[in-house]
>>> print(open('start37.cif').read())   # mmCIF, C-alpha atoms and all ligand atoms
data_structure
loop_
_atom_site.label_atom_id
_atom_site.label_comp_id
_atom_site.auth_asym_id
_atom_site.auth_seq_id
_atom_site.Cartn_x
_atom_site.Cartn_y
_atom_site.Cartn_z
CA MET Q 1 33.90 211.96 171.50
CA SER Q 2 32.09 208.90 170.26
CA PHE Q 3 33.10 206.04 167.98
CA ALA Q 4 32.86 207.28 164.37
CA ALA Q 5 32.34 204.79 161.56
CA SER Q 6 32.71 205.84 157.92
CA ILE Q 7 31.76 203.20 155.37
CA ILE Q 8 32.81 203.30 151.73
CA THR Q 9 30.36 201.21 149.74
CA LEU Q 10 28.63 200.80 146.40
CA TYR Q 11 25.43 200.11 148.32
CA PRO Q 12 24.90 202.80 150.98
CA GLU Q 13 21.22 201.80 151.14
CA MET Q 14 22.29 198.63 152.98
CA PHE Q 15 23.11 200.77 156.04
CA PRO Q 16 22.30 201.07 158.88
CA GLY Q 17 20.31 197.84 158.32
CA HIS Q 18 20.29 195.79 161.49
CA LEU Q 19 22.54 198.39 163.14
CA GLY Q 20 19.53 200.73 163.18
CA VAL Q 21 17.47 198.57 165.56
CA SER Q 22 17.76 197.20 169.08
CA LEU Q 23 20.87 198.02 171.17
CA ALA Q 24 22.98 199.37 168.29
CA GLY Q 25 20.10 201.46 166.92
CA LYS Q 26 19.36 203.01 170.28
CA ALA Q 27 23.06 203.77 170.79
CA LEU Q 28 23.20 205.35 167.32
CA GLU Q 29 20.21 207.55 168.12
CA GLU Q 30 21.73 208.56 171.44
CA GLY Q 31 25.08 209.40 169.85
CA ALA Q 32 27.20 206.68 171.48
CA TRP Q 33 28.48 206.08 167.96
CA SER Q 34 28.01 207.61 164.52
CA LEU Q 35 27.66 206.15 161.05
CA GLU Q 36 28.41 207.84 157.76
CA THR Q 37 28.25 206.18 154.35
CA ILE Q 38 30.32 207.30 151.38
CA ALA Q 39 28.78 206.22 148.07
CA LEU Q 40 31.63 204.89 145.96
CA ARG Q 41 29.58 205.44 142.78
CA GLU Q 42 29.89 209.21 143.20
CA PHE Q 43 33.63 208.90 142.61
CA GLY Q 44 33.18 206.75 139.49
CA LYS Q 45 34.73 207.73 136.16
CA GLY Q 46 33.04 208.87 132.98
CA ARG Q 47 29.44 209.12 131.93
CA HIS Q 48 28.64 205.77 133.56
CA LYS Q 49 30.46 206.55 136.79
CA GLN Q 50 32.50 203.41 136.38
CA VAL Q 51 34.15 202.15 139.58
CA ASP Q 52 35.65 198.89 138.34
CA ASP Q 53 37.56 197.45 135.43
CA THR Q 54 38.83 194.13 134.12
CA PRO Q 55 41.74 192.49 135.96
CA SER Q 56 45.21 193.12 134.57
CA GLY Q 57 46.67 189.82 133.41
CA GLY Q 58 43.22 188.48 132.59
CA GLY Q 59 40.86 186.28 134.53
CA ALA Q 60 37.28 186.38 135.68
CA GLY Q 61 35.39 189.23 137.29
CA MET Q 62 36.09 192.90 137.87
CA VAL Q 63 38.40 194.83 140.19
CA LEU Q 64 37.61 198.09 142.01
CA ARG Q 65 39.83 200.87 140.65
CA ALA Q 66 42.59 202.36 142.80
CA ASP Q 67 41.93 205.95 141.66
CA VAL Q 68 38.19 205.75 142.44
CA LEU Q 69 38.71 204.19 145.87
CA GLY Q 70 41.62 206.53 146.64
CA GLU Q 71 39.48 209.61 145.98
CA ALA Q 72 36.64 208.21 148.09
CA ILE Q 73 39.03 207.59 150.99
CA ASP Q 74 40.59 211.05 150.63
CA SER Q 75 37.16 212.70 150.74
CA ILE Q 76 36.65 211.63 154.36
CA SER Q 77 37.48 214.04 157.14
CA ASP Q 78 38.05 212.87 160.66
CA PRO Q 79 35.41 214.04 163.15
CA ASN Q 80 37.65 213.26 166.10
CA GLY Q 81 40.81 214.93 164.84
CA GLY Q 82 43.07 211.88 165.08
CA ALA Q 83 43.60 209.30 162.40
CA ARG Q 84 41.20 206.38 162.51
CA PRO Q 85 42.34 202.96 161.30
CA ARG Q 86 41.42 202.29 157.69
CA LEU Q 87 40.06 198.81 157.24
CA LEU Q 88 39.32 196.80 154.14
CA MET Q 89 36.90 193.92 154.57
CA SER Q 90 38.71 191.05 152.85
CA PRO Q 91 38.92 187.25 153.15
CA ARG Q 92 42.72 187.64 153.03
CA GLY Q 93 42.78 189.72 156.19
CA ARG Q 94 43.40 189.20 159.89
CA VAL Q 95 40.56 187.04 161.12
CA LEU Q 96 38.30 188.98 163.44
CA ASP Q 97 38.20 187.85 167.07
CA GLN Q 98 37.06 189.37 170.35
CA THR Q 99 40.56 190.70 171.11
CA TYR Q 100 40.64 192.64 167.85
CA VAL Q 101 37.05 193.85 168.33
CA ARG Q 102 37.97 195.17 171.76
CA GLU Q 103 41.07 196.90 170.40
CA LEU Q 104 38.99 198.67 167.73
CA ALA Q 105 36.24 199.59 170.22
CA GLU Q 106 38.83 201.40 172.35
CA GLY Q 107 39.79 203.63 169.41
CA THR Q 108 38.07 206.71 168.01
CA GLY Q 109 36.40 204.89 165.12
CA ALA Q 110 37.18 203.31 161.76
CA VAL Q 111 37.04 203.95 158.05
CA ILE Q 112 35.74 200.75 156.50
CA VAL Q 113 36.05 199.92 152.81
CA CYS Q 114 33.61 197.31 151.49
CA GLY Q 115 34.98 195.35 148.55
CA ARG Q 116 32.88 193.95 145.71
CA PHE Q 117 33.48 191.75 142.66
CA GLU Q 118 36.97 190.14 142.66
CA GLY Q 119 38.33 192.68 145.10
CA VAL Q 120 40.31 195.94 144.97
CA ASP Q 121 43.45 197.12 143.17
CA GLN Q 122 46.45 196.25 145.35
CA ARG Q 123 47.99 199.72 144.94
CA VAL Q 124 45.27 201.50 146.91
CA ILE Q 125 45.64 198.98 149.75
CA GLU Q 126 49.31 199.90 150.02
CA ALA Q 127 49.07 203.63 149.29
CA ARG Q 128 46.27 204.28 151.81
CA GLY Q 129 47.51 201.80 154.42
CA LEU Q 130 44.37 199.66 154.43
CA MET Q 131 44.34 196.91 157.07
CA GLU Q 132 42.59 193.85 155.69
CA VAL Q 133 40.04 192.28 158.06
CA SER Q 134 38.28 188.95 157.46
CA ILE Q 135 35.21 187.70 159.31
CA GLY Q 136 36.02 184.05 158.63
CA ASP Q 137 37.16 181.50 156.10
CA TYR Q 138 34.33 181.75 153.59
CA ILE Q 139 33.55 184.09 150.71
CA LEU Q 140 30.78 186.70 150.78
CA SER Q 141 29.58 188.55 147.70
CA GLY Q 142 30.53 191.88 149.22
CA GLY Q 143 32.16 193.56 152.20
CA GLU Q 144 28.96 195.20 153.49
CA PRO Q 145 27.63 192.32 155.63
CA ALA Q 146 31.16 191.81 156.98
CA ALA Q 147 31.38 195.51 157.92
CA MET Q 148 28.01 195.25 159.66
CA ILE Q 149 29.14 192.26 161.67
CA LEU Q 150 32.34 194.03 162.65
CA LEU Q 151 30.39 197.13 163.76
CA ASP Q 152 27.80 195.07 165.62
CA ALA Q 153 30.56 193.47 167.67
CA ILE Q 154 32.26 196.83 168.33
CA VAL Q 155 29.17 198.87 169.19
CA ARG Q 156 27.97 196.57 171.97
CA LEU Q 157 31.29 197.18 173.76
CA LEU Q 158 31.07 200.99 173.65
CA PRO Q 159 30.52 202.73 177.00
CA GLY Q 160 26.86 202.95 177.95
CA VAL Q 161 25.56 200.71 175.15
CA MET Q 162 24.85 197.52 177.09
CA GLY Q 163 22.29 198.03 179.83
CA ASN Q 164 24.01 195.57 182.11
CA GLU Q 165 27.78 196.26 181.87
CA GLN Q 166 28.47 192.94 183.59
CA SER Q 167 26.94 190.86 180.86
CA GLY Q 168 29.63 191.91 178.37
CA THR Q 169 32.48 190.43 180.36
CA HIS Q 170 31.06 186.91 180.81
CA GLU Q 171 30.49 186.13 177.14
CA SER Q 172 32.17 183.38 175.19
CA PHE Q 173 35.82 184.25 174.37
CA GLU Q 174 36.12 187.04 176.93
CA ALA Q 175 37.74 184.67 179.43
CA GLY Q 176 39.30 182.52 176.72
CA LEU Q 177 36.49 179.98 177.12
CA LEU Q 178 33.12 179.26 175.56
CA GLU Q 179 30.24 180.25 177.78
CA HIS Q 180 28.46 177.82 180.14
CA PRO Q 181 24.87 176.75 179.32
CA HIS Q 182 21.93 178.95 180.34
CA TYR Q 183 18.53 178.06 181.81
CA THR Q 184 15.41 179.97 182.76
CA ARG Q 185 11.84 179.24 183.84
CA PRO Q 186 9.90 177.01 183.71
CA GLN Q 187 11.67 174.88 186.31
CA GLU Q 188 10.65 171.77 184.42
CA TRP Q 189 10.08 171.50 180.67
CA GLU Q 190 9.33 168.31 178.69
CA GLY Q 191 10.50 166.27 181.64
CA MET Q 192 13.82 168.13 181.89
CA ALA Q 193 14.65 170.04 185.05
CA ILE Q 194 17.08 172.94 185.48
CA PRO Q 195 20.34 171.59 187.05
CA GLU Q 196 19.73 171.58 190.80
CA ILE Q 197 22.84 173.56 191.65
CA LEU Q 198 21.49 176.61 189.81
CA THR Q 199 18.47 176.83 192.11
CA SER Q 200 20.50 176.15 195.29
CA GLY Q 201 21.21 179.81 195.99
CA ASN Q 202 24.88 178.96 196.69
CA HIS Q 203 26.66 181.52 194.54
CA LYS Q 204 30.14 180.14 195.07
CA LYS Q 205 29.06 176.63 194.02
CA ILE Q 206 27.15 178.07 191.06
CA ALA Q 207 30.22 179.97 189.85
CA GLU Q 208 32.33 176.80 190.17
CA TRP Q 209 29.77 174.77 188.23
CA GLN Q 210 29.60 177.38 185.48
CA ARG Q 211 33.38 177.44 185.22
CA GLU Q 212 33.52 173.63 184.99
CA GLN Q 213 30.86 173.60 182.30
CA ALA Q 214 32.65 176.32 180.34
CA GLU Q 215 35.92 174.36 180.47
CA LYS Q 216 34.21 171.12 179.46
CA LEU Q 217 32.45 172.73 176.49
CA THR Q 218 35.64 174.44 175.35
CA ARG Q 219 37.62 171.18 175.59
CA GLU Q 220 34.97 169.37 173.53
CA ARG Q 221 34.22 171.99 170.91
CA ARG Q 222 37.14 174.38 170.69
CA PRO Q 223 40.30 172.84 172.12
CA ASP Q 224 42.26 175.41 170.07
CA LEU Q 225 41.11 178.12 172.51
CA LEU Q 226 42.82 176.40 175.43
CA LYS Q 227 46.27 176.64 173.86
N1 LIG K 301 38.36 187.35 145.03
C1 LIG K 301 38.40 187.53 146.44
C2 LIG K 301 37.01 187.47 147.04
C3 LIG K 301 36.11 188.60 146.64
S1 LIG K 301 34.57 188.56 147.45
C4 LIG K 301 39.28 186.45 147.07
O1 LIG K 301 39.30 185.33 146.58
O2 LIG K 301 39.95 186.72 148.08
C5 LIG K 301 34.05 190.24 147.28
C6 LIG K 301 34.25 191.15 148.49
O3 LIG K 301 33.50 190.62 149.58
C7 LIG K 301 35.66 191.25 148.99
O4 LIG K 301 36.38 192.25 148.32
C8 LIG K 301 35.45 191.61 150.46
O5 LIG K 301 35.26 193.00 150.64
C9 LIG K 301 34.15 190.92 150.80
N2 LIG K 301 34.37 189.63 151.53
C10 LIG K 301 34.16 188.39 151.03
N3 LIG K 301 34.43 187.45 151.95
C11 LIG K 301 34.81 188.10 153.08
C12 LIG K 301 35.22 187.66 154.38
N4 LIG K 301 35.30 186.39 154.71
N5 LIG K 301 35.53 188.63 155.29
C13 LIG K 301 35.46 189.94 154.97
N6 LIG K 301 35.08 190.41 153.75
C14 LIG K 301 34.76 189.50 152.81
#
>>> encode(input="start37.cif", output="structure tokens")
Amino acid sequence: MSFAASIITLYPEMFPGHLGVSLAGKALEEGAWSLETIALREFGKGRHKQVDDTPSGGGAGMVLRADVLGEAIDSISDPNGGARPRLLMSPRGRVLDQTYVRELAEGTGAVIVCGRFEGVDQRVIEARGLMEVSIGDYILSGGEPAAMILLDAIVRLLPGVMGNEQSGTHESFEAGLLEHPHYTRPQEWEGMAIPEILTSGNHKKIAEWQREQAEKLTRERRPDLLK
């Protein structure tokens, strides 16, 4: 059983995009996860396959129709038997963080709805139990890049995807801290040397130094993480 992602989108040609190369692409090829796109247009109404309409009560923009989205969601079968969470990419949602990414990565997959225009009819959110997920406090033109970011963060946590399993657990946020600075050769560059401790070979001292640096950075840049 591998992580199964089903994406409902008006723009299936945007996928797999960056998820088709590097780590995620290799994992996709090897079957560590799967990706299916559902073209919302196919569920559109009338001769023009219309998926949206003007907002009730007036106002700017267009809203994705509940009936069209509902039928698209209902067309999806679950490859793993159990129910996968149904997510709607939305700036009103729970803001994505590493804890949530980890929680999703431990599941069997996700159905991800990508919004467009002003958003989606509230009734389909309620009737199909869509969990709204935001990638941050800014507005994108569509849910697709948000879905790709969400999947990128999930896929690298799946078993067997990262070559070096260790490297996943030391990242920023995993220990509630930002990560310490990194250095590599050359030993000296533009008059700047690598901190001496890192070339001392004393692993205990190095770990202490890295921890101190991580705490200092977090205090300076993201004191909210220390609470
Ligand atoms: N009118 C909406 C914004 C619509 S943006 C509002 O003010 O809340 C169009 C679509 O882009 C949304 O339906 C959503 O799917 C996606 N989107 C925009 N910003 C996003 C964010 N920060 N996180 C996740 N999805 C986002």
>>> atom_distance(input="start37.cif", atom1="CA of Asp52 (chain Q)", atom2="CA of Asp78 (chain Q)")
26.4 Å
>>> residues_near_ligand(input="start37.cif", ligand="ligand LIG 301 (chain K)", cutoff="7 Å", atoms="only C-alpha atoms and all ligand atoms", output="list in words")
Leu88, Met89, Ser90, Pro91, Arg92, Cys114, Gly115, Arg116, Phe117, Glu118, Gly119, Val120, Val133, Ser134, Ile135, Gly136, Asp137, Tyr138, Ile139, Leu140, Ser141, Gly142, Gly143 and Ala146 of chain Q
>>> write_last_selection(input="start37.cif", atoms="C-alpha atoms", output="mmCIF file, keeping the file's coordinate frame")
data_model
loop_
_atom_site.group_PDB
_atom_site.id
_atom_site.type_symbol
_atom_site.label_atom_id
_atom_site.label_comp_id
_atom_site.auth_asym_id
_atom_site.auth_seq_id
_atom_site.Cartn_x
_atom_site.Cartn_y
_atom_site.Cartn_z
ATOM 1 C CA LEU Q 88 39.320 196.800 154.140
ATOM 2 C CA MET Q 89 36.900 193.920 154.570
ATOM 3 C CA SER Q 90 38.710 191.050 152.850
ATOM 4 C CA PRO Q 91 38.920 187.250 153.150
ATOM 5 C CA ARG Q 92 42.720 187.640 153.030
ATOM 6 C CA CYS Q 114 33.610 197.310 151.490
ATOM 7 C CA GLY Q 115 34.980 195.350 148.550
ATOM 8 C CA ARG Q 116 32.880 193.950 145.710
ATOM 9 C CA PHE Q 117 33.480 191.750 142.660
ATOM 10 C CA GLU Q 118 36.970 190.140 142.660
ATOM 11 C CA GLY Q 119 38.330 192.680 145.100
ATOM 12 C CA VAL Q 120 40.310 195.940 144.970
ATOM 13 C CA VAL Q 133 40.040 192.280 158.060
ATOM 14 C CA SER Q 134 38.280 188.950 157.460
ATOM 15 C CA ILE Q 135 35.210 187.700 159.310
ATOM 16 C CA GLY Q 136 36.020 184.050 158.630
ATOM 17 C CA ASP Q 137 37.160 181.500 156.100
ATOM 18 C CA TYR Q 138 34.330 181.750 153.590
ATOM 19 C CA ILE Q 139 33.550 184.090 150.710
ATOM 20 C CA LEU Q 140 30.780 186.700 150.780
ATOM 21 C CA SER Q 141 29.580 188.550 147.700
ATOM 22 C CA GLY Q 142 30.530 191.880 149.220
ATOM 23 C CA GLY Q 143 32.160 193.560 152.200
ATOM 24 C CA ALA Q 146 31.160 191.810 156.980
#
>>> residues_around(input="start37.cif", residues="Gly160 (chain Q)", least_positions_apart="6", cutoff="12 Å", atoms="only C-alpha atoms", output="PyMOL selection string")
chain Q and resi 2+23-24+26-28+30-33+166+168
>>> closest_residue(input="start37.cif", among="Q:Val51, Q:Met192, Q:Val101, Q:Leu158", to="Leu69 (chain Q)", atoms="all atoms listed in the file")
Q:Val51
>>> closest_residue(input="start37.cif", among="Q:Phe15, Q:Trp209, Q:Tyr183, Q:Phe43", to="Val68 (chain Q)", atoms="all atoms listed in the file")
Q:Phe43
>>> residues_around(input="start37.cif", residues="Ala110 (chain Q)", least_positions_apart="4", cutoff="8 Å", atoms="all atoms listed in the file", output="MDAnalysis selection string")
chainID Q and resid 3:6 84:87 104
>>> closest_residue(input="start37.cif", among="Q:Asn80, Q:Ala39, Q:Arg102, Q:Glu144", to="Pro16 (chain Q)", atoms="all atoms listed in the file")
Q:Glu144
>>> closest_residue(input="start37.cif", among="Q:Leu198, Q:Ile8, Q:Ala127, Q:Ala193", to="Leu40 (chain Q)", atoms="only C-alpha atoms")
Q:Ile8
>>> atom_distance(input="start37.cif", atom1="CA of Leu226 (chain Q)", atom2="CA of Leu177 (chain Q)")
7.5 Å
>>> atom_distance(input="start37.cif", atom1="CA of Leu35 (chain Q)", atom2="CA of Arg47 (chain Q)")
29.3 Å
>>> closest_residue(input="start37.cif", among="Q:Gly70, Q:Gly44, Q:Gly59, Q:Gly25", to="Arg123 (chain Q)", atoms="all atoms listed in the file")
Q:Gly70
>>> closest_residue(input="start37.cif", among="Q:Ala175, Q:Leu151, Q:Met62, Q:Ala83", to="Gly17 (chain Q)", atoms="all atoms listed in the file")
Q:Leu151
